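Student: Contents of query.tsv (TSV, C-alpha atoms):
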chain	number	residue	atom	x	y	z
A	30	MET	CA	-33.97	35.26	22.63
A	31	SER	CA	-34.45	36.99	19.29
A	32	SER	CA	-36.77	35.44	16.74
A	33	SER	CA	-33.97	34.98	14.23
A	34	LYS	CA	-32.14	32.89	16.76
A	35	ILE	CA	-35.21	30.77	17.34
A	36	GLU	CA	-35.54	30.28	13.60
A	37	GLU	CA	-31.94	29.23	13.45
A	38	LEU	CA	-32.46	26.70	16.23
A	39	LYS	CA	-35.53	25.35	14.47
A	40	LYS	CA	-33.60	24.96	11.27
A	41	ARG	CA	-30.80	23.17	13.07
A	42	ARG	CA	-33.25	20.82	14.74
A	43	GLN	CA	-34.81	20.06	11.36
A	44	LYS	CA	-31.40	19.34	9.91
A	45	GLU	CA	-30.64	16.95	12.77
A	46	ASN	CA	-33.92	15.14	12.28
A	47	LYS	CA	-33.27	14.85	8.57
A	48	ALA	CA	-29.84	13.40	9.21
A	49	LYS	CA	-31.40	10.87	11.55
A	50	SER	CA	-33.49	9.23	8.84
A	51	SER	CA	-32.64	5.58	8.98
A	52	GLN	CA	-29.95	4.18	6.69
A	53	ILE	CA	-30.16	0.73	8.25
A	54	PRO	CA	-31.62	-0.93	5.11
A	55	TYR	CA	-28.54	0.21	3.16
A	56	ALA	CA	-26.34	-0.94	6.01
A	57	ALA	CA	-27.92	-4.38	5.80
A	58	ILE	CA	-27.44	-4.53	2.01
A	59	PHE	CA	-23.76	-3.57	2.18
A	60	THR	CA	-23.17	-5.97	5.07
A	61	VAL	CA	-24.67	-8.81	3.02
A	62	VAL	CA	-22.52	-7.81	0.01
A	63	ALA	CA	-19.42	-7.84	2.23
A	64	ILE	CA	-20.29	-11.28	3.57
A	65	VAL	CA	-21.02	-12.68	0.09
A	66	ILE	CA	-17.64	-11.44	-1.16
A	67	TYR	CA	-16.06	-13.03	1.92
A	68	GLY	CA	-17.74	-16.30	0.99
A	69	VAL	CA	-16.44	-16.09	-2.58
A	70	PHE	CA	-12.89	-15.44	-1.33
A	71	LEU	CA	-13.18	-18.41	1.06
A	72	LYS	CA	-13.77	-20.58	-1.99
A	73	ILE	CA	-11.27	-19.13	-4.45
A	74	ASN	CA	-8.48	-17.59	-2.36
A	75	LEU	CA	-8.21	-18.31	1.35
A	76	LYS	CA	-5.52	-15.69	1.92
A	77	TYR	CA	-7.64	-12.98	0.30
A	78	SER	CA	-10.56	-13.96	2.52
A	79	THR	CA	-8.41	-13.07	5.54
A	80	PHE	CA	-7.30	-9.75	4.02
A	81	TRP	CA	-10.93	-9.01	3.24
A	82	ILE	CA	-12.40	-9.74	6.66
A	83	ILE	CA	-9.57	-8.05	8.58
A	84	GLY	CA	-9.81	-5.04	6.24
A	85	LEU	CA	-13.54	-4.77	6.95
A	86	LEU	CA	-12.92	-4.99	10.69
A	87	ILE	CA	-10.15	-2.37	10.48
A	88	GLY	CA	-12.40	-0.02	8.51
A	89	PHE	CA	-15.26	-0.56	10.96
A	90	THR	CA	-12.98	0.01	13.95
A	91	ILE	CA	-11.25	3.18	12.74
A	92	GLN	CA	-14.64	4.65	11.84
A	93	ARG	CA	-16.31	3.74	15.14
A	94	SER	CA	-13.42	4.94	17.28
A	95	ARG	CA	-12.73	8.01	15.09
A	96	PHE	CA	-9.19	6.72	14.93
A	97	CYS	CA	-6.92	9.14	13.13
A	98	PHE	CA	-3.23	8.43	12.81
A	99	THR	CA	-2.65	12.00	11.64
A	100	ALA	CA	-4.20	13.29	14.85
A	101	SER	CA	-1.73	11.24	16.87
A	102	PHE	CA	1.06	13.42	15.45
A	103	ARG	CA	-0.83	16.68	14.96
A	104	ASP	CA	-2.87	17.05	18.15
A	105	PRO	CA	0.05	16.86	20.61
A	106	ILE	CA	1.63	19.77	18.69
A	107	LEU	CA	-1.50	21.77	17.94
A	108	VAL	CA	-3.56	21.39	21.13
A	109	GLY	CA	-1.44	19.29	23.49
A	110	ASN	CA	-3.85	16.36	23.33
A	111	THR	CA	-2.26	12.91	23.27
A	112	SER	CA	-5.27	10.60	23.66
A	113	VAL	CA	-4.92	9.06	20.18
A	114	LEU	CA	-1.18	8.74	20.59
A	115	LYS	CA	-1.71	6.89	23.88
A	116	ALA	CA	-4.08	4.47	22.14
A	117	ILE	CA	-1.45	3.85	19.46
A	118	ILE	CA	1.18	3.16	22.13
A	119	ILE	CA	-1.18	0.56	23.64
A	120	ALA	CA	-1.54	-0.97	20.17
A	121	PHE	CA	2.26	-0.96	19.80
A	122	ILE	CA	2.65	-2.89	23.07
A	123	ILE	CA	0.14	-5.54	21.95
A	124	MET	CA	1.73	-5.83	18.50
A	125	THR	CA	5.27	-5.94	19.89
A	126	ILE	CA	4.32	-9.11	21.76
A	127	GLY	CA	2.33	-10.58	18.84
A	128	PHE	CA	4.88	-9.78	16.13
A	129	ALA	CA	7.71	-11.09	18.32
A	130	LEU	CA	5.93	-14.44	18.70
A	131	VAL	CA	5.26	-14.72	14.95
A	132	GLN	CA	8.85	-13.81	14.14
A	133	TYR	CA	10.15	-16.18	16.81
A	134	ILE	CA	8.24	-19.06	15.23
A	135	PHE	CA	9.67	-18.08	11.84
A	136	VAL	CA	13.27	-17.69	13.02
A	137	GLY	CA	13.30	-20.65	15.41
A	138	ASP	CA	16.56	-21.40	17.15
A	139	SER	CA	18.75	-20.31	14.26
A	140	GLU	CA	21.41	-17.77	15.12
A	141	ILE	CA	21.40	-16.18	11.67
A	142	PHE	CA	18.48	-13.94	10.87
A	143	ASP	CA	17.18	-13.99	7.32
A	144	ILE	CA	16.14	-10.35	7.60
A	145	TYR	CA	14.74	-10.11	4.08
A	146	ASN	CA	12.13	-12.78	4.72
A	147	ILE	CA	11.16	-12.27	8.35
A	148	PRO	CA	7.42	-11.46	8.60
A	149	GLY	CA	6.73	-7.76	9.10
A	150	GLN	CA	7.84	-4.44	7.67
A	151	ILE	CA	11.63	-4.47	7.67
A	152	HIS	CA	13.33	-1.97	5.35
A	153	PRO	CA	16.55	0.03	4.90
A	154	VAL	CA	16.97	2.99	7.23
A	155	GLY	CA	18.84	6.17	6.37
A	156	ILE	CA	18.57	9.78	5.25
A	157	HIS	CA	15.83	8.79	2.78
A	158	THR	CA	13.69	7.63	5.73
A	159	ALA	CA	13.96	11.05	7.36
A	160	ILE	CA	13.26	12.98	4.13
A	161	GLY	CA	10.30	10.76	3.22
A	162	ALA	CA	8.82	10.96	6.72
A	163	ILE	CA	9.10	14.77	6.84
A	164	ILE	CA	7.44	15.13	3.43
A	165	PHE	CA	4.72	12.71	4.50
A	166	GLY	CA	4.25	14.51	7.83
A	167	ILE	CA	3.72	17.87	6.12
A	168	GLY	CA	1.33	16.31	3.61
A	169	MET	CA	-0.84	14.55	6.19
A	170	VAL	CA	-1.36	17.70	8.25
A	171	ILE	CA	-2.18	20.06	5.37
A	172	SER	CA	-4.50	17.56	3.67
A	173	GLY	CA	-6.17	16.67	6.97
A	174	GLY	CA	-5.69	12.92	6.89
A	175	CYS	CA	-3.29	10.14	6.11
A	176	ALA	CA	-3.79	6.95	4.10
A	177	SER	CA	-6.04	5.11	6.54
A	178	GLY	CA	-8.00	8.26	7.32
A	179	THR	CA	-8.46	8.93	3.61
A	180	LEU	CA	-9.94	5.46	3.05
A	181	MET	CA	-12.17	5.81	6.12
A	182	ARG	CA	-13.49	9.24	5.10
A	183	ILE	CA	-14.21	8.08	1.56
A	184	GLY	CA	-16.43	5.47	3.24
A	185	GLU	CA	-18.06	8.24	5.27
A	186	GLY	CA	-18.83	10.22	2.12
A	187	PHE	CA	-16.19	12.96	2.10
A	188	ILE	CA	-15.61	14.11	-1.49
A	189	LEU	CA	-12.43	15.93	-0.50
A	190	GLN	CA	-10.79	12.63	0.42
A	191	ILE	CA	-11.34	11.29	-3.09
A	192	VAL	CA	-9.23	14.25	-4.27
A	193	VAL	CA	-6.63	13.43	-1.60
A	194	LEU	CA	-6.60	9.82	-2.83
A	195	VAL	CA	-6.02	10.93	-6.43
A	196	GLY	CA	-3.16	13.15	-5.21
A	197	PHE	CA	-1.86	10.23	-3.19
A	198	ILE	CA	-1.78	7.97	-6.27
A	199	VAL	CA	-0.08	10.68	-8.34
A	200	GLY	CA	2.46	11.15	-5.52
A	201	THR	CA	3.33	7.46	-5.27
A	202	LEU	CA	3.79	7.34	-9.07
A	203	LEU	CA	6.08	10.40	-8.99
A	204	GLY	CA	8.02	8.87	-6.12
A	205	ALA	CA	8.40	5.56	-7.92
A	206	ARG	CA	9.43	7.37	-11.13
A	207	GLN	CA	12.24	9.17	-9.31
A	208	TYR	CA	13.13	6.22	-7.10
A	209	GLU	CA	16.33	5.54	-9.04
A	210	PHE	CA	17.72	8.94	-8.04
A	211	TRP	CA	17.04	8.36	-4.34
A	212	ASP	CA	18.13	4.74	-4.48
A	213	LYS	CA	21.53	5.62	-5.93
A	214	LEU	CA	21.94	8.59	-3.60
A	215	PHE	CA	20.87	7.03	-0.27
A	216	ILE	CA	18.77	3.89	-0.21
A	217	SER	CA	21.17	1.37	-1.79
A	218	LYS	CA	23.90	2.54	0.61
A	219	SER	CA	21.69	2.30	3.70
A	220	PRO	CA	21.58	-0.68	6.04
A	221	THR	CA	18.47	-2.62	6.97
A	222	VAL	CA	18.51	-2.62	10.75
A	223	TYR	CA	16.51	-5.41	12.38
A	224	ILE	CA	17.07	-4.73	16.06
A	225	PRO	CA	16.95	-8.41	17.26
A	226	GLN	CA	19.92	-9.06	14.97
A	227	TYR	CA	22.09	-7.34	17.56
A	228	ILE	CA	20.46	-8.15	20.88
A	229	GLY	CA	18.25	-11.17	20.19
A	230	LEU	CA	14.47	-11.31	19.89
A	231	PRO	CA	13.57	-11.74	23.60
A	232	ILE	CA	15.61	-8.74	24.75
A	233	ALA	CA	14.42	-6.66	21.80
A	234	MET	CA	10.82	-7.44	22.73
A	235	ILE	CA	11.17	-6.74	26.45
A	236	GLY	CA	13.27	-3.64	25.80
A	237	GLN	CA	10.75	-2.24	23.35
A	238	ILE	CA	7.86	-2.88	25.75
A	239	VAL	CA	9.72	-1.04	28.54
A	240	ILE	CA	10.43	1.90	26.20
A	241	LEU	CA	6.78	2.00	25.09
A	242	ILE	CA	5.53	1.97	28.70
A	243	LEU	CA	7.89	4.80	29.62
A	244	LEU	CA	6.76	6.67	26.49
A	245	TYR	CA	3.13	6.18	27.56
A	246	PHE	CA	3.76	7.79	30.93
A	247	PHE	CA	5.72	10.63	29.36
A	248	VAL	CA	2.97	11.30	26.81
A	249	ASP	CA	0.34	11.12	29.57
A	250	TRP	CA	2.29	13.67	31.60
A	251	TYR	CA	2.68	15.87	28.49
A	252	ASP	CA	-1.08	15.77	27.96
A	253	ARG	CA	-1.88	16.82	31.54
A	254	LYS	CA	0.58	19.68	31.26
A	255	ASN	CA	-0.31	20.97	27.79
A	256	ASN	CA	-3.80	19.89	26.84
A	257	LEU	CA	-5.81	22.96	25.89
A	258	MET	CA	-9.07	21.00	25.78
A	259	MET	CA	-9.02	20.20	29.48
A	260	MET	CA	-8.77	23.78	30.74
B	19	MET	CA	-27.99	1.44	27.22
B	20	SER	CA	-28.70	-1.14	24.57
B	21	LEU	CA	-25.95	-3.04	22.79
B	22	TYR	CA	-26.90	-1.34	19.51
B	23	ASN	CA	-26.43	2.09	21.04
B	24	ARG	CA	-23.15	1.17	22.63
B	25	ILE	CA	-21.58	-0.36	19.50
B	26	ILE	CA	-23.21	1.55	16.68
B	27	LYS	CA	-24.35	4.92	17.94
B	28	LYS	CA	-21.77	6.03	20.44
B	29	PRO	CA	-18.17	6.53	19.30
B	30	TRP	CA	-15.78	4.04	20.86
B	31	PRO	CA	-13.02	5.35	23.10
B	32	TYR	CA	-9.65	5.62	21.36
B	33	TRP	CA	-8.08	2.94	23.53
B	34	VAL	CA	-10.68	0.41	22.36
B	35	GLY	CA	-9.75	1.25	18.77
B	36	GLY	CA	-6.06	0.94	19.60
B	37	ILE	CA	-6.42	-2.48	21.22
B	38	LEU	CA	-8.56	-3.82	18.35
B	39	LEU	CA	-6.28	-2.47	15.59
B	40	GLY	CA	-3.29	-4.00	17.38
B	41	ILE	CA	-5.02	-7.38	17.59
B	42	PHE	CA	-6.19	-7.25	13.95
B	43	ASN	CA	-2.67	-6.50	12.73
B	44	VAL	CA	-1.28	-9.43	14.72
B	45	ILE	CA	-3.97	-11.74	13.27
B	46	LEU	CA	-3.12	-10.49	9.77
B	47	LEU	CA	0.58	-11.22	10.27
B	48	THR	CA	-0.10	-14.62	11.82
B	49	THR	CA	-2.50	-15.85	9.15
B	50	THR	CA	-1.12	-14.24	5.98
B	51	GLY	CA	2.51	-13.42	6.80
B	52	GLN	CA	1.81	-9.78	5.86
B	53	SER	CA	1.24	-6.84	8.15
B	54	TRP	CA	-1.13	-3.96	7.45
B	55	THR	CA	0.10	-1.64	4.68
B	56	ILE	CA	-1.79	0.71	2.38
B	57	THR	CA	0.08	3.01	0.04
B	58	THR	CA	1.93	0.48	-2.08
B	59	GLY	CA	-1.56	-0.50	-3.17
B	60	PHE	CA	-2.16	3.11	-4.29
B	61	LEU	CA	1.02	2.91	-6.37
B	62	TYR	CA	-0.01	-0.35	-8.01
B	63	PHE	CA	-3.43	1.09	-8.76
B	64	GLY	CA	-1.78	4.11	-10.40
B	65	ALA	CA	0.54	1.84	-12.35
B	66	HIS	CA	-2.49	-0.10	-13.55
B	67	ILE	CA	-4.06	3.13	-14.84
B	68	LEU	CA	-0.81	4.02	-16.65
B	69	ASN	CA	-0.86	0.54	-18.19
B	70	ILE	CA	-4.34	1.20	-19.56
B	71	PHE	CA	-3.02	4.35	-21.24
B	72	GLY	CA	-0.29	2.30	-22.89
B	73	LEU	CA	2.61	3.46	-20.75
B	74	GLN	CA	4.81	0.71	-19.41
B	75	PRO	CA	5.48	1.40	-15.73
B	76	SER	CA	6.76	-2.14	-15.23
B	77	ASP	CA	9.91	-1.01	-17.07
B	78	TRP	CA	10.59	1.60	-14.40
B	79	TYR	CA	13.64	1.14	-12.22
B	80	TYR	CA	11.40	1.05	-9.14
B	81	PHE	CA	9.38	-1.94	-10.32
B	82	ARG	CA	12.46	-3.78	-11.52
B	83	GLN	CA	14.09	-3.28	-8.12
B	84	ASN	CA	11.11	-3.98	-5.86
B	85	THR	CA	8.37	-6.54	-5.98
B	86	TRP	CA	5.97	-6.17	-3.11
B	87	LEU	CA	3.41	-8.43	-4.80
B	88	LEU	CA	2.67	-12.02	-3.87
B	89	PRO	CA	3.37	-14.65	-6.54
B	90	GLY	CA	0.86	-14.42	-9.40
B	91	GLU	CA	-0.49	-10.98	-8.44
B	92	THR	CA	-0.87	-8.08	-10.86
B	93	PHE	CA	-1.00	-4.29	-10.54
B	94	ILE	CA	-4.75	-4.44	-10.00
B	95	ARG	CA	-5.39	-7.93	-8.68
B	96	ASN	CA	-3.40	-8.02	-5.44
B	97	TYR	CA	-3.88	-8.15	-1.69
B	98	TYR	CA	-3.44	-4.39	-1.28
B	99	THR	CA	-6.53	-3.84	-3.43
B	100	VAL	CA	-8.49	-6.36	-1.36
B	101	LEU	CA	-7.39	-4.77	1.91
B	102	ASN	CA	-7.95	-1.16	0.84
B	103	LEU	CA	-11.41	-1.79	-0.61
B	104	ALA	CA	-12.33	-3.70	2.55
B	105	VAL	CA	-11.28	-0.76	4.74
B	106	ILE	CA	-13.46	1.64	2.72
B	107	LEU	CA	-16.41	-0.78	2.80
B	108	GLY	CA	-15.94	-1.50	6.52
B	109	SER	CA	-16.04	2.21	7.26
B	110	LEU	CA	-19.10	2.67	5.02
B	111	ILE	CA	-20.92	-0.17	6.78
B	112	ALA	CA	-20.14	1.33	10.19
B	113	VAL	CA	-21.45	4.75	9.12
B	114	LEU	CA	-24.60	3.30	7.59
B	115	TRP	CA	-25.51	1.25	10.67
B	116	ALA	CA	-25.31	4.51	12.61
B	117	SER	CA	-27.40	6.25	9.89
B	118	GLU	CA	-24.73	8.93	9.64
B	119	PHE	CA	-23.71	8.63	5.99
B	120	LYS	CA	-23.74	11.94	4.15
B	121	TRP	CA	-22.01	13.21	1.02
B	122	LYS	CA	-19.80	15.97	2.35
B	123	LYS	CA	-18.88	18.57	-0.24
B	124	ILE	CA	-15.55	20.29	-0.60
B	125	LYS	CA	-15.80	23.59	1.26
B	126	ASN	CA	-13.64	25.83	-0.92
B	127	LYS	CA	-10.79	26.00	-3.41
B	128	LYS	CA	-8.22	26.27	-0.65
B	129	GLN	CA	-9.33	22.96	0.82
B	130	LEU	CA	-9.21	21.37	-2.64
B	131	PHE	CA	-5.73	22.73	-3.31
B	132	PHE	CA	-4.21	21.68	0.02
B	133	GLY	CA	-5.96	18.31	-0.09
B	134	PHE	CA	-4.50	17.50	-3.50
B	135	LEU	CA	-1.06	18.90	-2.65
B	136	GLY	CA	-1.02	17.06	0.67
B	137	GLY	CA	-1.95	13.85	-1.12
B	138	ILE	CA	0.94	14.23	-3.58
B	139	LEU	CA	3.40	14.98	-0.76
B	140	MET	CA	2.24	11.94	1.22
B	141	GLY	CA	2.43	9.68	-1.81
B	142	TYR	CA	5.91	10.87	-2.71
B	143	GLY	CA	7.12	10.52	0.87
B	144	THR	CA	5.95	6.92	1.12
B	145	ARG	CA	8.31	5.81	-1.69
B	146	LEU	CA	11.26	7.19	0.27
B	147	SER	CA	10.35	5.98	3.74
B	148	PHE	CA	8.95	2.61	2.59
B	149	GLY	CA	5.38	3.24	3.63
B	150	CYS	CA	2.99	5.66	5.26
B	151	ASN	CA	2.17	6.00	8.93
B	152	ILE	CA	0.73	2.50	8.73
B	153	GLY	CA	3.38	0.56	6.79
B	154	ALA	CA	6.42	2.48	7.95
B	155	TYR	CA	5.19	3.24	11.47
B	156	PHE	CA	2.22	1.27	12.79
B	157	SER	CA	3.45	-2.03	11.30
B	158	ALA	CA	7.19	-1.24	11.27
B	159	ILE	CA	7.82	-0.48	14.95
B	160	PRO	CA	6.39	-3.85	16.11
B	161	SER	CA	8.48	-5.51	13.37
B	162	PHE	CA	11.59	-4.34	15.28
B	163	SER	CA	12.87	-2.48	12.21
B	164	LEU	CA	14.78	0.68	13.10
B	165	HIS	CA	13.24	2.58	10.18
B	166	GLY	CA	9.89	2.53	12.02
B	167	TRP	CA	11.27	4.56	14.92
B	168	VAL	CA	13.17	6.93	12.60
B	169	THR	CA	9.97	7.44	10.59
B	170	ALA	CA	8.07	8.23	13.81
B	171	VAL	CA	10.54	10.94	14.85
B	172	PHE	CA	10.73	12.64	11.46
B	173	MET	CA	7.01	12.36	10.80
B	174	LEU	CA	6.60	14.35	13.99
B	175	VAL	CA	9.01	16.95	12.57
B	176	GLY	CA	6.99	17.01	9.34
B	177	ALA	CA	3.75	17.33	11.29
B	178	TRP	CA	5.24	20.28	13.19
B	179	ILE	CA	6.12	22.03	9.91
B	180	GLY	CA	2.65	21.11	8.59
B	181	CYS	CA	1.04	22.70	11.67
B	182	LYS	CA	2.92	25.96	10.98
B	183	VAL	CA	1.58	25.94	7.41
B	184	LEU	CA	-1.87	25.03	8.69
B	185	LEU	CA	-1.99	27.93	11.15
B	186	LYS	CA	-0.57	30.43	8.67
B	187	TYR	CA	-2.45	29.60	5.47
B	188	ILE	CA	-5.31	27.22	6.07
B	189	LEU	CA	-7.11	27.83	9.36
Any chance you could give the structure as structure tokens?

Tutor:
Amino acid sequence: MSSSKIEELKKRRQKENKAKSSQIPYAAIFTVVAIVIYGVFLKINLKYSTFWIIGLLIGFTIQRSRFCFTASFRDPILVGNTSVLKAIIIAFIIMTIGFALVQYIFVGDSEIFDIYNIPGQIHPVGIHTAIGAIIFGIGMVISGGCASGTLMRIGEGFILQIVVLVGFIVGTLLGARQYEFWDKLFISKSPTVYIPQYIGLPIAMIGQIVILILLYFFVDWYDRKNNLMMM
Amino acid sequence: MSLYNRIIKKPWPYWVGGILLGIFNVILLTTTGQSWTITTGFLYFGAHILNIFGLQPSDWYYFRQNTWLLPGETFIRNYYTVLNLAVILGSLIAVLWASEFKWKKIKNKKQLFFGFLGGILMGYGTRLSFGCNIGAYFSAIPSFSLHGWVTAVFMLVGAWIGCKVLLKYIL
């Protein structure tokens, strides 16, 4: 081994040691701050206390599991890896059951669905959905992270993601500014399709779970066939 | 292996993350009636900034047509702000417990350019598809709204185009 290589290794080792200096005191401080804020919310706004604690847990979880929603779209295309996508499908199955129960309690036995007030994200579907999703899809791949990833990486100390966030805010403002154009062209003419409206909540739930399970096996098969990392 | 090592030092498998995120979103919906969304909060934050500069975004067609705020909430004081700040802080706390926090600089101008451009594209897209890959995908598909599935398919198309750009100009 050449001496320059040894020097390089030494340097790298030093870097690693430097990075390993303990940040636990800071961790403790920020944890206490988070808990104090939680306590304040408990007193002044119970709903916000829930948003706060769940938000903290979400942030903690996506950081610990290196969860990247962008990767779930990008990696199957780029390297044939579907491990994040499979985890999201598992999440979908859990949430399909959970959301169905919450919505069932809200709807009750009534035959008419009040689709504008049912808990969850229920919005008009149409050409605008496709255009928006394509634009978003391009953006998340070239910027290297979507909304949740941007928040997570800001927490990790990435300066780039602060720039992405600023762009994100500018983009939402531009989109809102031109919303009238899109609304008159597509959105106002598009239906809001809540699937249980047509087939009932129980069948919608079971059907969606079956589809998700089939999708899981397909994606698993796709991974074994295409994953470049495994070879 | 100690508990500290297992939770704090070693990355969790993706499926653990998936299960937990699914459960958290269900808890959020059960207790608050809202599912996890992000980008509308970015918009309200931007609108708040415009307000400071004396512009009146609340007159915009968009804000007259849509109110995604809870009763009594403002552009800055709303549940999106609470949730988004909590996600950043949660991630920061996780990194610090692992002693892995580090300011990571922007590598070059290209990264800066594509980061900013990608951010704008994502932001713009969310106003059309009613959310990002959280609000219009992760929370929409379990809500049994068809737009969640449509978003998933076309986001994949967008990601495919993005990958072409990535391979040609960025990597």

Student: Find the spatial neighbours of range 52-59 of chain B, counting all atoms listed in the file, within a cut-off of 8 Å - ignore same-chain residues fewer than 2 positions away - and output them as a PyMOL selection string.

Tutor: (chain A and resi 148-150+176-177+201) or (chain B and resi 43-44+46-48+50+61-63+86+98-99+101-102+141+144+149-150+152-153+157)

Student: For Ala162 in chain A, find every residue with an atom within 7 Å (counting only C-alpha atoms), except residues of its own chain fewer than 2 positions away, and show them as a PyMOL selection string.

Tutor: (chain A and resi 158-160+164-166) or (chain B and resi 143+147+169+172-173+176)

Student: Please identify all polymer residues lying at most 9 Å from the point (5.0, 9.3, -6.1) (file coordinates), using all atoms listed in the file, and present the result as a list in words.

Tutor: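 With a cut-off of 9 Å, the residues come to Phe197, Ile198, Val199, Gly200, Thr201, Leu202, Leu203, Gly204, Ala205, Arg206, Gln207 and Tyr208 of chain A; Leu61, Ile138, Leu139, Met140, Gly141, Tyr142, Gly143, Thr144 and Arg145 of chain B.
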
Student: Tell me which protein, DNA and RNA residues are within 12 Å of Leu214 in chain A, counting only C-alpha atoms, leaving out same-chain ones fewer than 4 positions away, and put them as an MDAnalysis selection string.

Tutor: (chainID A and resid 155:157 207:210 218:219) or (chainID B and resid 146)

Student: Using CA of Leu39 in chain B and CA of Ser20 in chain B as the two end points, give the distance in Å to one decimal.

Tutor: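 Straight-line distance from CA of Leu39 in chain B to CA of Ser20 in chain B works out to 24.2 Å.
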
Student: Leaving out Thr85 in chain B and any residue of its chain fewer than 4 positions from it, which residues lie within 12 Å of it when counting only C-alpha atoms, given as an MDAnalysis selection string?

Tutor: chainID B and resid 58:59 61:62 76 78:81 89:93 96

Student: Export C-alpha atoms of the chosen residues as a PDB file, in the frame of the given file?

Tutor:
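Written output follows (result-v9.pdb):
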ATOM      1  CA  THR B  58       1.930   0.480  -2.080  1.00  0.00           C
ATOM      2  CA  GLY B  59      -1.560  -0.500  -3.170  1.00  0.00           C
ATOM      3  CA  LEU B  61       1.020   2.910  -6.370  1.00  0.00           C
ATOM      4  CA  TYR B  62      -0.010  -0.350  -8.010  1.00  0.00           C
ATOM      5  CA  SER B  76       6.760  -2.140 -15.230  1.00  0.00           C
ATOM      6  CA  TRP B  78      10.590   1.600 -14.400  1.00  0.00           C
ATOM      7  CA  TYR B  79      13.640   1.140 -12.220  1.00  0.00           C
ATOM      8  CA  TYR B  80      11.400   1.050  -9.140  1.00  0.00           C
ATOM      9  CA  PHE B  81       9.380  -1.940 -10.320  1.00  0.00           C
ATOM     10  CA  PRO B  89       3.370 -14.650  -6.540  1.00  0.00           C
ATOM     11  CA  GLY B  90       0.860 -14.420  -9.400  1.00  0.00           C
ATOM     12  CA  GLU B  91      -0.490 -10.980  -8.440  1.00  0.00           C
ATOM     13  CA  THR B  92      -0.870  -8.080 -10.860  1.00  0.00           C
ATOM     14  CA  PHE B  93      -1.000  -4.290 -10.540  1.00  0.00           C
ATOM     15  CA  ASN B  96      -3.400  -8.020  -5.440  1.00  0.00           C
TER      16      ASN B  96
END

Student: Suppose you want the space between CA of Leu130 in chain B and CA of Phe89 in chain A; what is it in Å?

Tutor: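 One can read the CA of Leu130 in chain B to CA of Phe89 in chain A distance as 26.5 Å.
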
Student: CA of Tyr223 in chain A and CA of Ser163 in chain B are how many Å apart?

Tutor: 4.7 Å

Student: Kindly add N, CA and C atoms to the incomplete range 33-45 of chain B and provide the output as a compact mmCIF listing (two decimals), in the coordinates of the input.

Tutor:
# COMPACT_ATOMS: atom_id res chain seq x y z
N TRP B 33 -8.87 4.10 23.09
CA TRP B 33 -8.08 2.94 23.53
C TRP B 33 -8.70 1.63 23.06
N VAL B 34 -10.03 1.61 22.91
CA VAL B 34 -10.68 0.41 22.36
C VAL B 34 -10.23 0.21 20.91
N GLY B 35 -10.23 1.31 20.15
CA GLY B 35 -9.75 1.25 18.77
C GLY B 35 -8.31 0.78 18.70
N GLY B 36 -7.48 1.32 19.58
CA GLY B 36 -6.06 0.94 19.60
C GLY B 36 -5.87 -0.55 19.86
N ILE B 37 -6.55 -1.06 20.87
CA ILE B 37 -6.42 -2.48 21.22
C ILE B 37 -6.88 -3.35 20.05
N LEU B 38 -8.04 -3.01 19.46
CA LEU B 38 -8.56 -3.82 18.35
C LEU B 38 -7.64 -3.78 17.14
N LEU B 39 -7.16 -2.58 16.77
CA LEU B 39 -6.28 -2.47 15.59
C LEU B 39 -5.00 -3.27 15.82
N GLY B 40 -4.49 -3.22 17.05
CA GLY B 40 -3.29 -4.00 17.38
C GLY B 40 -3.56 -5.48 17.19
N ILE B 41 -4.68 -5.96 17.71
CA ILE B 41 -5.02 -7.38 17.59
C ILE B 41 -5.22 -7.77 16.13
N PHE B 42 -5.94 -6.94 15.37
CA PHE B 42 -6.19 -7.25 13.95
C PHE B 42 -4.88 -7.37 13.17
N ASN B 43 -3.94 -6.46 13.46
CA ASN B 43 -2.67 -6.50 12.73
C ASN B 43 -1.88 -7.76 13.07
N VAL B 44 -1.95 -8.19 14.33
CA VAL B 44 -1.28 -9.43 14.72
C VAL B 44 -1.93 -10.63 14.02
N ILE B 45 -3.27 -10.64 13.97
CA ILE B 45 -3.97 -11.74 13.27
C ILE B 45 -3.56 -11.78 11.80
